[in-house]
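Only one structure is covered here, and it is reproduced in the block below.
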Amino acid sequence: MNASTAAYRLPGPPNLAHSLRARRTGAIPGLLYRPAVPADPEKVAEVDRRVEDWARRLDLFPAAWLGDFTGFQFGRAVVLQHPGAADLERLTVAGKLLLAENIVDDCYCEDRGGSARGLGGRLILAQSALDPYHGIPELEEEWRHGMRADGPLRSYHFALNDFAVLATPSQTDRFVHDVARLHLGYLAEAAWSETRHRPQVWEYLVMRQFNNFRPCLSIVDAVDGYELPEQVYARPEIQRITALACNATTIVNDLYSFTKELANDPAHLNLPQVVAANDRCGLKAAYLRSVEIHNRIMEAFEEEAALLSATSPLVERYAQGLAAWVSGNHEWHATNTHRYHLPDYW
């Protein structure tokens, strides 16, 4: 581990008056990460073209959102996250799933018309776009009509259909269940918002273990063109390294999103906010403490993934896919200046 990625230690008393002005771009100082495989610009452009064409054909979002679509850099995200992808078709499907998850989150939960109120009703219908309704023919037809009538539901439904063509039935079912975990995390965060619950740090991290990137990481083997068998994937030690990878990437998102979220909503839950409330410290000290929590999770992932990799070439391939996703996700966050800027804490 070189000095630039060594774990950051708290430097002393917090500077309570320090500004939240966003000045820095690039990687967070002291954050533990591995360099990502550089993204092939031709692949990025082609995946972007295919995903945008798909979204336009299905009328998934209004033209006014196109700037946000471009700024998100879906193609660059999935090319960075899946350097071992078997082909462009699989990268494109990963981009479709990523876009669908963001459309549902924005439209049902966040700032594109979503809210905590009534979220459960919206999310159960969204889950049915992935896990179809079965009943009498006329009611199934009404369900299909409902799925076609709403952009977020169309995005889930057709993205999963395309994924199922390339993945095995067990990989598809794995993804469906991991999205259900994601929806459970959305509901927990919404419930806390409605009840004004101030979670402890461990409670917040439990919620984020569900409300995180797991559906994206659970497809690494499918995108790379093989399958980690269900009986292997279900083993507790495999589940643990999967969860550790997901949790590390989620804290990365909290850290890079910090200034944007606070500017939009000063009460928005993220790890530094929760640490500050529980430790009764300033946001700078809480932010640096959050970096340390991330680093310890990353260290655990790397150590345990290395031990498991020695047991089987297939497990090694899966662990490498998780690690590549974590690295690519960090690179995407650190370089996406359209979305992220760091606080002026260094």
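Following the order of the structure tokens, first chain is A, next is B, and so on, with residues numbered from 1 inside each chain and ligands from 1 in the order they appear.
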Would you write out, as a Markdown table, a table of all residues in range 119-176 of chain A that have an atom no more than 12 Å from an atom of range 77-90 of chain A, listing for each the closest atom pair and the distance in Å to one decimal, considering only C-alpha atoms and ordering rows by chain and rising residue number?
```
| residue | atom | partner | partner_atom | distance |
| --- | --- | --- | --- | --- |
| A:Ala159 | CA | A:Arg90 | CA | 11.5 |
| A:Asp162 | CA | A:Arg90 | CA | 9.3 |
| A:Phe163 | CA | A:Arg90 | CA | 7.9 |
| A:Ala164 | CA | A:Arg90 | CA | 10.8 |
| A:Val165 | CA | A:Arg90 | CA | 10.0 |
| A:Leu166 | CA | A:Arg90 | CA | 7.2 |
| A:Ala167 | CA | A:Arg90 | CA | 9.2 |
```
- Message: Between A:Pro29, A:Gly75, A:Pro266, A:Gly225, which residue has the minimum interatomic distance to Asp48 in chain A, considering only C-alpha atoms?
- Response: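 Looking at the shortest contact to Asp48 in chain A, the residue is A:Gly75.
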- Query: So which residues touch Val326 in chain A within 9 Å, counting only C-alpha atoms, skipping near sequence neighbours fewer than 3 positions away, as a ChimeraX atom specification?
  - Reply: /A:33-34,36,81,217,245-246,248-249,321-323,329-331
- Residues at most 8 Å from Tyr318 in chain A, counting only C-alpha atoms, excluding those fewer than 4 positions away in the same chain, as a VMD selection string? chain A and resid 220 to 221 228 314 322
- Message: Between CA of Arg240 in chain A and CA of Gln171 in chain A, what distance in Å does the model show, to one decimal?
- Response: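 These atoms are spaced 18.0 Å apart.
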As a short mmCIF file (atom, residue, chain, number, x, y, z; two decimals) with all heavy atoms, in the first residue's frame, please: all residues of range 66-136 of chain A that backbone DSSP puts in alpha helix (DSSP H).
```cif
data_model
loop_
_atom_site.label_atom_id
_atom_site.label_comp_id
_atom_site.auth_asym_id
_atom_site.auth_seq_id
_atom_site.Cartn_x
_atom_site.Cartn_y
_atom_site.Cartn_z
N LEU A 66 -32.06 15.15 -20.02
CA LEU A 66 -30.95 14.63 -20.81
C LEU A 66 -29.61 15.11 -20.29
O LEU A 66 -28.62 14.37 -20.31
CB LEU A 66 -31.12 15.01 -22.28
CG LEU A 66 -30.11 14.38 -23.25
CD1 LEU A 66 -30.15 12.85 -23.15
CD2 LEU A 66 -30.38 14.83 -24.68
N GLY A 67 -29.55 16.35 -19.80
CA GLY A 67 -28.30 16.86 -19.25
C GLY A 67 -27.83 16.05 -18.06
O GLY A 67 -26.63 15.75 -17.92
N ASP A 68 -28.77 15.67 -17.19
CA ASP A 68 -28.42 14.82 -16.05
C ASP A 68 -27.98 13.44 -16.51
O ASP A 68 -27.06 12.84 -15.95
CB ASP A 68 -29.61 14.69 -15.09
CG ASP A 68 -29.88 15.98 -14.34
OD1 ASP A 68 -28.98 16.84 -14.29
OD2 ASP A 68 -30.99 16.14 -13.80
N PHE A 69 -28.66 12.92 -17.55
CA PHE A 69 -28.28 11.61 -18.09
C PHE A 69 -26.84 11.65 -18.59
O PHE A 69 -26.03 10.77 -18.28
CB PHE A 69 -29.23 11.22 -19.23
CG PHE A 69 -28.81 9.97 -19.97
CD1 PHE A 69 -29.20 8.73 -19.51
CD2 PHE A 69 -28.04 10.06 -21.12
CE1 PHE A 69 -28.81 7.58 -20.18
CE2 PHE A 69 -27.64 8.91 -21.80
CZ PHE A 69 -28.04 7.68 -21.33
N THR A 70 -26.51 12.69 -19.34
CA THR A 70 -25.16 12.81 -19.88
C THR A 70 -24.15 13.00 -18.75
O THR A 70 -23.08 12.38 -18.74
CB THR A 70 -25.09 14.00 -20.85
OG1 THR A 70 -26.04 13.81 -21.90
CG2 THR A 70 -23.69 14.13 -21.45
N GLY A 71 -24.48 13.84 -17.78
CA GLY A 71 -23.57 14.11 -16.68
C GLY A 71 -23.33 12.92 -15.79
O GLY A 71 -22.26 12.80 -15.19
N PHE A 72 -24.30 12.03 -15.69
CA PHE A 72 -24.13 10.84 -14.85
C PHE A 72 -23.03 9.93 -15.39
O PHE A 72 -22.34 9.25 -14.64
CB PHE A 72 -25.44 10.06 -14.77
CG PHE A 72 -25.45 9.00 -13.70
CD1 PHE A 72 -26.00 9.24 -12.46
CD2 PHE A 72 -24.90 7.74 -13.94
CE1 PHE A 72 -26.02 8.26 -11.47
CE2 PHE A 72 -24.91 6.75 -12.97
CZ PHE A 72 -25.47 7.02 -11.72
N PHE A 74 -23.26 7.10 -17.54
CA PHE A 74 -23.60 5.69 -17.35
C PHE A 74 -22.61 4.77 -18.05
O PHE A 74 -22.18 3.75 -17.50
CB PHE A 74 -25.02 5.41 -17.84
CG PHE A 74 -26.09 5.96 -16.94
CD1 PHE A 74 -26.64 7.21 -17.17
CD2 PHE A 74 -26.52 5.23 -15.84
CE1 PHE A 74 -27.62 7.71 -16.33
CE2 PHE A 74 -27.49 5.73 -14.99
CZ PHE A 74 -28.04 6.98 -15.24
N GLY A 75 -22.26 5.10 -19.28
CA GLY A 75 -21.32 4.25 -20.01
C GLY A 75 -19.98 4.16 -19.32
O GLY A 75 -19.41 3.08 -19.17
N ARG A 76 -19.45 5.30 -18.88
CA ARG A 76 -18.15 5.29 -18.20
C ARG A 76 -18.25 4.53 -16.88
O ARG A 76 -17.30 3.81 -16.51
CB ARG A 76 -17.68 6.72 -17.97
CG ARG A 76 -16.28 6.80 -17.42
CD ARG A 76 -15.69 8.20 -17.56
NE ARG A 76 -14.30 8.21 -17.13
CZ ARG A 76 -13.91 8.46 -15.89
NH1 ARG A 76 -14.82 8.76 -14.97
NH2 ARG A 76 -12.64 8.43 -15.56
N ALA A 77 -19.37 4.68 -16.18
CA ALA A 77 -19.53 3.97 -14.92
C ALA A 77 -19.41 2.46 -15.11
O ALA A 77 -18.61 1.79 -14.45
CB ALA A 77 -20.88 4.32 -14.28
N VAL A 78 -20.18 1.89 -16.05
CA VAL A 78 -20.19 0.43 -16.16
C VAL A 78 -18.91 -0.10 -16.80
O VAL A 78 -18.47 -1.21 -16.48
CB VAL A 78 -21.45 -0.08 -16.90
CG1 VAL A 78 -22.70 0.26 -16.11
CG2 VAL A 78 -21.54 0.43 -18.32
N VAL A 79 -18.28 0.68 -17.69
CA VAL A 79 -17.01 0.22 -18.26
C VAL A 79 -15.93 0.19 -17.18
O VAL A 79 -15.11 -0.74 -17.13
CB VAL A 79 -16.61 1.11 -19.46
CG1 VAL A 79 -15.19 0.77 -19.93
CG2 VAL A 79 -17.59 0.92 -20.61
N LEU A 80 -15.92 1.20 -16.30
CA LEU A 80 -14.97 1.19 -15.19
C LEU A 80 -15.26 0.06 -14.21
O LEU A 80 -14.34 -0.58 -13.69
CB LEU A 80 -15.03 2.53 -14.44
CG LEU A 80 -14.33 3.72 -15.08
CD1 LEU A 80 -14.73 5.01 -14.37
CD2 LEU A 80 -12.81 3.55 -15.04
N GLN A 81 -16.54 -0.19 -13.95
CA GLN A 81 -16.91 -1.16 -12.92
C GLN A 81 -16.79 -2.61 -13.38
O GLN A 81 -16.66 -3.51 -12.55
CB GLN A 81 -18.35 -0.88 -12.47
CG GLN A 81 -18.50 0.43 -11.71
CD GLN A 81 -19.92 0.99 -11.77
OE1 GLN A 81 -20.79 0.44 -12.44
NE2 GLN A 81 -20.16 2.09 -11.08
N LEU A 88 -19.88 -6.18 -25.30
CA LEU A 88 -20.60 -4.91 -25.21
C LEU A 88 -22.06 -5.10 -24.81
O LEU A 88 -22.64 -4.24 -24.14
CB LEU A 88 -20.53 -4.17 -26.54
CG LEU A 88 -19.30 -3.29 -26.76
CD1 LEU A 88 -19.24 -2.83 -28.21
CD2 LEU A 88 -19.32 -2.08 -25.82
N GLU A 89 -22.66 -6.22 -25.23
CA GLU A 89 -24.07 -6.47 -24.89
C GLU A 89 -24.24 -6.53 -23.37
O GLU A 89 -25.20 -5.98 -22.82
CB GLU A 89 -24.56 -7.76 -25.55
CG GLU A 89 -24.79 -7.66 -27.06
CD GLU A 89 -23.50 -7.50 -27.85
OE1 GLU A 89 -22.43 -7.99 -27.38
OE2 GLU A 89 -23.54 -6.91 -28.94
N ARG A 90 -23.32 -7.19 -22.70
CA ARG A 90 -23.43 -7.32 -21.25
C ARG A 90 -23.15 -5.99 -20.55
O ARG A 90 -23.78 -5.66 -19.54
CB ARG A 90 -22.51 -8.43 -20.75
CG ARG A 90 -22.97 -9.81 -21.20
CD ARG A 90 -21.93 -10.90 -20.98
NE ARG A 90 -22.34 -12.11 -21.64
CZ ARG A 90 -23.03 -13.11 -21.06
NH1 ARG A 90 -23.38 -13.01 -19.78
NH2 ARG A 90 -23.36 -14.18 -21.74
N LEU A 91 -22.21 -5.23 -21.08
CA LEU A 91 -21.98 -3.89 -20.52
C LEU A 91 -23.22 -3.01 -20.69
O LEU A 91 -23.59 -2.25 -19.80
CB LEU A 91 -20.79 -3.23 -21.21
CG LEU A 91 -19.40 -3.66 -20.76
CD1 LEU A 91 -18.34 -3.04 -21.66
CD2 LEU A 91 -19.14 -3.26 -19.30
N THR A 92 -23.86 -3.13 -21.85
CA THR A 92 -25.06 -2.33 -22.10
C THR A 92 -26.18 -2.71 -21.15
O THR A 92 -26.89 -1.83 -20.62
CB THR A 92 -25.51 -2.50 -23.56
OG1 THR A 92 -24.45 -2.11 -24.43
CG2 THR A 92 -26.74 -1.65 -23.86
N VAL A 93 -26.35 -3.99 -20.90
CA VAL A 93 -27.37 -4.43 -19.96
C VAL A 93 -27.07 -3.90 -18.56
O VAL A 93 -27.97 -3.45 -17.84
CB VAL A 93 -27.49 -5.96 -19.97
CG1 VAL A 93 -28.26 -6.46 -18.75
CG2 VAL A 93 -28.18 -6.43 -21.24
N ALA A 94 -25.80 -3.93 -18.16
CA ALA A 94 -25.44 -3.35 -16.85
C ALA A 94 -25.79 -1.88 -16.81
O ALA A 94 -26.28 -1.37 -15.78
CB ALA A 94 -23.95 -3.55 -16.58
N GLY A 95 -25.58 -1.16 -17.92
CA GLY A 95 -25.96 0.24 -17.98
C GLY A 95 -27.46 0.45 -17.89
O GLY A 95 -27.93 1.39 -17.24
N LYS A 96 -28.23 -0.42 -18.53
CA LYS A 96 -29.70 -0.32 -18.45
C LYS A 96 -30.18 -0.54 -17.02
O LYS A 96 -31.06 0.19 -16.53
CB LYS A 96 -30.34 -1.35 -19.38
CG LYS A 96 -30.14 -1.09 -20.86
CD LYS A 96 -30.71 -2.24 -21.70
CE LYS A 96 -30.51 -2.03 -23.18
NZ LYS A 96 -31.01 -3.17 -23.99
N LEU A 97 -29.64 -1.55 -16.36
CA LEU A 97 -30.05 -1.81 -14.97
C LEU A 97 -29.68 -0.63 -14.07
O LEU A 97 -30.46 -0.22 -13.20
CB LEU A 97 -29.40 -3.09 -14.47
CG LEU A 97 -29.87 -4.40 -15.12
CD1 LEU A 97 -29.00 -5.57 -14.65
CD2 LEU A 97 -31.34 -4.68 -14.82
N LEU A 98 -28.47 -0.08 -14.27
CA LEU A 98 -28.04 1.07 -13.47
C LEU A 98 -28.96 2.26 -13.70
O LEU A 98 -29.37 2.95 -12.75
CB LEU A 98 -26.59 1.42 -13.82
CG LEU A 98 -25.97 2.59 -13.05
CD1 LEU A 98 -25.94 2.32 -11.55
CD2 LEU A 98 -24.57 2.88 -13.58
N LEU A 99 -29.30 2.52 -14.95
CA LEU A 99 -30.22 3.62 -15.25
C LEU A 99 -31.58 3.38 -14.63
O LEU A 99 -32.18 4.29 -14.03
CB LEU A 99 -30.36 3.77 -16.77
CG LEU A 99 -31.38 4.81 -17.25
CD1 LEU A 99 -31.04 6.20 -16.73
CD2 LEU A 99 -31.47 4.80 -18.77
N ALA A 100 -32.11 2.16 -14.74
CA ALA A 100 -33.42 1.85 -14.19
C ALA A 100 -33.45 2.05 -12.68
O ALA A 100 -34.40 2.63 -12.13
CB ALA A 100 -33.81 0.41 -14.53
N GLU A 101 -32.41 1.61 -12.00
CA GLU A 101 -32.36 1.78 -10.54
C GLU A 101 -32.35 3.26 -10.17
O GLU A 101 -32.99 3.68 -9.19
CB GLU A 101 -31.13 1.07 -9.98
CG GLU A 101 -31.24 -0.45 -10.03
CD GLU A 101 -29.89 -1.13 -9.95
OE1 GLU A 101 -29.00 -0.62 -9.23
OE2 GLU A 101 -29.71 -2.17 -10.62
N ASN A 102 -31.65 4.08 -10.94
CA ASN A 102 -31.60 5.51 -10.65
C ASN A 102 -32.92 6.21 -10.97
O ASN A 102 -33.33 7.13 -10.25
CB ASN A 102 -30.44 6.16 -11.42
CG ASN A 102 -29.12 6.01 -10.70
OD1 ASN A 102 -28.75 6.84 -9.87
ND2 ASN A 102 -28.41 4.93 -11.00
N ILE A 103 -33.60 5.77 -12.03
CA ILE A 103 -34.90 6.36 -12.35
C ILE A 103 -35.91 6.07 -11.25
O ILE A 103 -36.64 6.96 -10.80
CB ILE A 103 -35.40 5.85 -13.71
CG1 ILE A 103 -34.55 6.42 -14.85
CG2 ILE A 103 -36.87 6.21 -13.92
CD1 ILE A 103 -34.89 5.86 -16.21
N VAL A 104 -35.96 4.82 -10.78
CA VAL A 104 -36.88 4.47 -9.70
C VAL A 104 -36.54 5.25 -8.43
O VAL A 104 -37.43 5.81 -7.77
CB VAL A 104 -36.86 2.95 -9.44
CG1 VAL A 104 -37.64 2.61 -8.17
CG2 VAL A 104 -37.45 2.20 -10.64
N LEU A 119 -44.40 5.65 0.03
CA LEU A 119 -43.33 5.02 -0.73
C LEU A 119 -43.52 3.51 -0.86
O LEU A 119 -43.24 2.92 -1.90
CB LEU A 119 -41.96 5.33 -0.09
CG LEU A 119 -40.75 4.72 -0.79
CD1 LEU A 119 -40.65 5.19 -2.24
CD2 LEU A 119 -39.47 5.07 -0.02
N GLY A 120 -44.02 2.87 0.21
CA GLY A 120 -44.19 1.42 0.16
C GLY A 120 -45.09 0.98 -0.97
O GLY A 120 -44.81 -0.02 -1.65
N GLY A 121 -46.17 1.71 -1.21
CA GLY A 121 -47.08 1.36 -2.30
C GLY A 121 -46.42 1.47 -3.65
O GLY A 121 -46.64 0.62 -4.53
N ARG A 122 -45.60 2.49 -3.84
CA ARG A 122 -44.89 2.63 -5.12
C ARG A 122 -43.85 1.53 -5.30
O ARG A 122 -43.69 0.98 -6.39
CB ARG A 122 -44.24 4.02 -5.20
CG ARG A 122 -45.24 5.17 -5.21
CD ARG A 122 -44.57 6.50 -5.52
NE ARG A 122 -43.64 6.95 -4.49
CZ ARG A 122 -43.98 7.62 -3.40
NH1 ARG A 122 -45.27 7.89 -3.15
NH2 ARG A 122 -43.08 8.02 -2.53
N LEU A 123 -43.14 1.21 -4.22
CA LEU A 123 -42.06 0.23 -4.35
C LEU A 123 -42.57 -1.19 -4.53
O LEU A 123 -41.91 -2.01 -5.18
CB LEU A 123 -41.12 0.30 -3.14
CG LEU A 123 -40.23 1.54 -3.09
CD1 LEU A 123 -39.33 1.49 -1.86
CD2 LEU A 123 -39.38 1.68 -4.35
N ILE A 124 -43.74 -1.53 -3.99
CA ILE A 124 -44.24 -2.89 -4.21
C ILE A 124 -44.61 -3.08 -5.68
O ILE A 124 -44.41 -4.15 -6.25
CB ILE A 124 -45.42 -3.22 -3.27
CG1 ILE A 124 -45.63 -4.74 -3.18
CG2 ILE A 124 -46.71 -2.56 -3.72
CD1 ILE A 124 -44.50 -5.49 -2.55
N LEU A 125 -45.12 -2.03 -6.32
CA LEU A 125 -45.39 -2.12 -7.75
C LEU A 125 -44.09 -2.18 -8.54
O LEU A 125 -43.99 -2.91 -9.53
CB LEU A 125 -46.24 -0.93 -8.20
CG LEU A 125 -47.65 -0.87 -7.62
CD1 LEU A 125 -48.39 0.35 -8.16
CD2 LEU A 125 -48.43 -2.15 -7.91
N ALA A 126 -43.08 -1.42 -8.10
CA ALA A 126 -41.79 -1.48 -8.76
C ALA A 126 -41.18 -2.88 -8.65
O ALA A 126 -40.62 -3.40 -9.61
CB ALA A 126 -40.84 -0.45 -8.15
N GLN A 127 -41.31 -3.50 -7.47
CA GLN A 127 -40.79 -4.86 -7.32
C GLN A 127 -41.51 -5.82 -8.26
O GLN A 127 -40.90 -6.74 -8.81
CB GLN A 127 -40.93 -5.32 -5.87
CG GLN A 127 -40.24 -6.65 -5.57
CD GLN A 127 -38.72 -6.57 -5.68
OE1 GLN A 127 -38.12 -5.53 -5.42
NE2 GLN A 127 -38.09 -7.66 -6.08
N SER A 128 -42.80 -5.58 -8.49
CA SER A 128 -43.54 -6.47 -9.38
C SER A 128 -43.11 -6.32 -10.83
O SER A 128 -43.34 -7.21 -11.65
CB SER A 128 -45.06 -6.22 -9.26
OG SER A 128 -45.50 -5.16 -10.09
N ALA A 129 -42.48 -5.19 -11.18
CA ALA A 129 -41.93 -5.04 -12.53
C ALA A 129 -40.79 -6.01 -12.76
O ALA A 129 -40.47 -6.37 -13.90
CB ALA A 129 -41.45 -3.61 -12.74
N LEU A 130 -40.16 -6.47 -11.67
CA LEU A 130 -39.07 -7.44 -11.73
C LEU A 130 -39.54 -8.85 -11.39
O LEU A 130 -39.00 -9.84 -11.90
CB LEU A 130 -37.96 -7.05 -10.75
CG LEU A 130 -37.40 -5.63 -10.87
CD1 LEU A 130 -36.48 -5.33 -9.70
CD2 LEU A 130 -36.65 -5.45 -12.19
#
```
If we count only C-alpha atoms, what is near Ala116 in chain A at a cut-off of 10 Å, once residues fewer than 2 positions away on the same chain are taken out, given as a CSV table (one decimal) with N, CA, C and O atoms, in the first residue's frame?
```
chain,number,residue,atom,x,y,z
A,108,TYR,N,-39.3,7.9,-7.3
A,108,TYR,CA,-40.2,7.3,-6.3
A,108,TYR,C,-39.7,7.8,-4.9
A,108,TYR,O,-40.5,7.8,-3.9
A,109,CYS,N,-38.4,8.0,-4.7
A,109,CYS,CA,-37.8,8.3,-3.4
A,109,CYS,C,-37.2,9.7,-3.3
A,109,CYS,O,-37.3,10.3,-2.2
A,110,GLU,N,-36.6,10.2,-4.3
A,110,GLU,CA,-35.8,11.4,-4.2
A,110,GLU,C,-36.5,12.6,-4.8
A,110,GLU,O,-37.7,12.8,-4.7
A,114,GLY,N,-40.5,12.1,-6.0
A,114,GLY,CA,-40.6,11.1,-4.9
A,114,GLY,C,-40.7,11.7,-3.5
A,114,GLY,O,-40.5,12.9,-3.3
A,118,GLY,N,-46.2,7.4,1.3
A,118,GLY,CA,-46.7,6.4,0.4
A,118,GLY,C,-45.7,5.6,-0.4
A,118,GLY,O,-46.0,5.0,-1.4
A,119,LEU,N,-44.4,5.7,0.0
A,119,LEU,CA,-43.3,5.0,-0.7
A,119,LEU,C,-43.5,3.5,-0.9
A,119,LEU,O,-43.2,2.9,-1.9
A,120,GLY,N,-44.0,2.9,0.2
A,120,GLY,CA,-44.2,1.4,0.2
A,120,GLY,C,-45.1,1.0,-1.0
A,120,GLY,O,-44.8,0.0,-1.7
A,186,TYR,N,-34.6,1.5,1.2
A,186,TYR,CA,-35.4,2.8,0.9
A,186,TYR,C,-36.5,3.0,1.9
A,186,TYR,O,-36.7,4.2,2.3
A,187,LEU,N,-37.2,2.0,2.2
A,187,LEU,CA,-38.3,2.1,3.1
A,187,LEU,C,-37.9,2.5,4.5
A,187,LEU,O,-38.5,3.3,5.2
A,188,ALA,N,-36.7,1.9,5.0
A,188,ALA,CA,-36.2,2.2,6.3
A,188,ALA,C,-35.8,3.7,6.4
A,188,ALA,O,-36.1,4.4,7.3
A,189,GLU,N,-35.1,4.2,5.3
A,189,GLU,CA,-34.7,5.6,5.3
A,189,GLU,C,-35.9,6.5,5.3
A,189,GLU,O,-36.0,7.5,6.0
A,190,ALA,N,-36.9,6.1,4.5
A,190,ALA,CA,-38.2,6.9,4.5
A,190,ALA,C,-38.9,6.9,5.8
A,190,ALA,O,-39.4,8.0,6.3
A,191,ALA,N,-38.9,5.8,6.5
A,191,ALA,CA,-39.6,5.7,7.8
A,191,ALA,C,-38.9,6.6,8.8
A,191,ALA,O,-39.5,7.3,9.6
A,192,TRP,N,-37.6,6.6,8.8
A,192,TRP,CA,-36.8,7.5,9.7
A,192,TRP,C,-37.1,8.9,9.4
A,192,TRP,O,-37.2,9.8,10.3
A,193,SER,N,-37.2,9.3,8.1
A,193,SER,CA,-37.5,10.6,7.8
A,193,SER,C,-38.9,11.1,8.3
A,193,SER,O,-39.0,12.2,8.9
A,194,GLU,N,-39.9,10.2,8.2
A,194,GLU,CA,-41.2,10.5,8.7
A,194,GLU,C,-41.3,10.6,10.2
A,194,GLU,O,-42.0,11.5,10.7
```
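Checking A:Asn278, A:Asn253, A:Thr259, A:Ser312 one by one against Val291 in chain A, counting only C-alpha atoms, you find the shortest gap at A:Asn253.
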- Measuring atom to atom with only C-alpha atoms, identify which of A:Ala39, A:Leu139, A:Leu342, A:Leu184 is nearest to Gly26 in chain A.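 Ranking A:Ala39, A:Leu139, A:Leu342, A:Leu184 by distance to Gly26 in chain A, first place goes to A:Leu342.
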- Item | From A:Ala306, A:Ala334, A:Leu160, A:Ile238, residue lying nearest Val179 in chain A [only C-alpha atoms] |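 Using only C-alpha atoms, the shortest distance to Val179 in chain A belongs to A:Leu160.
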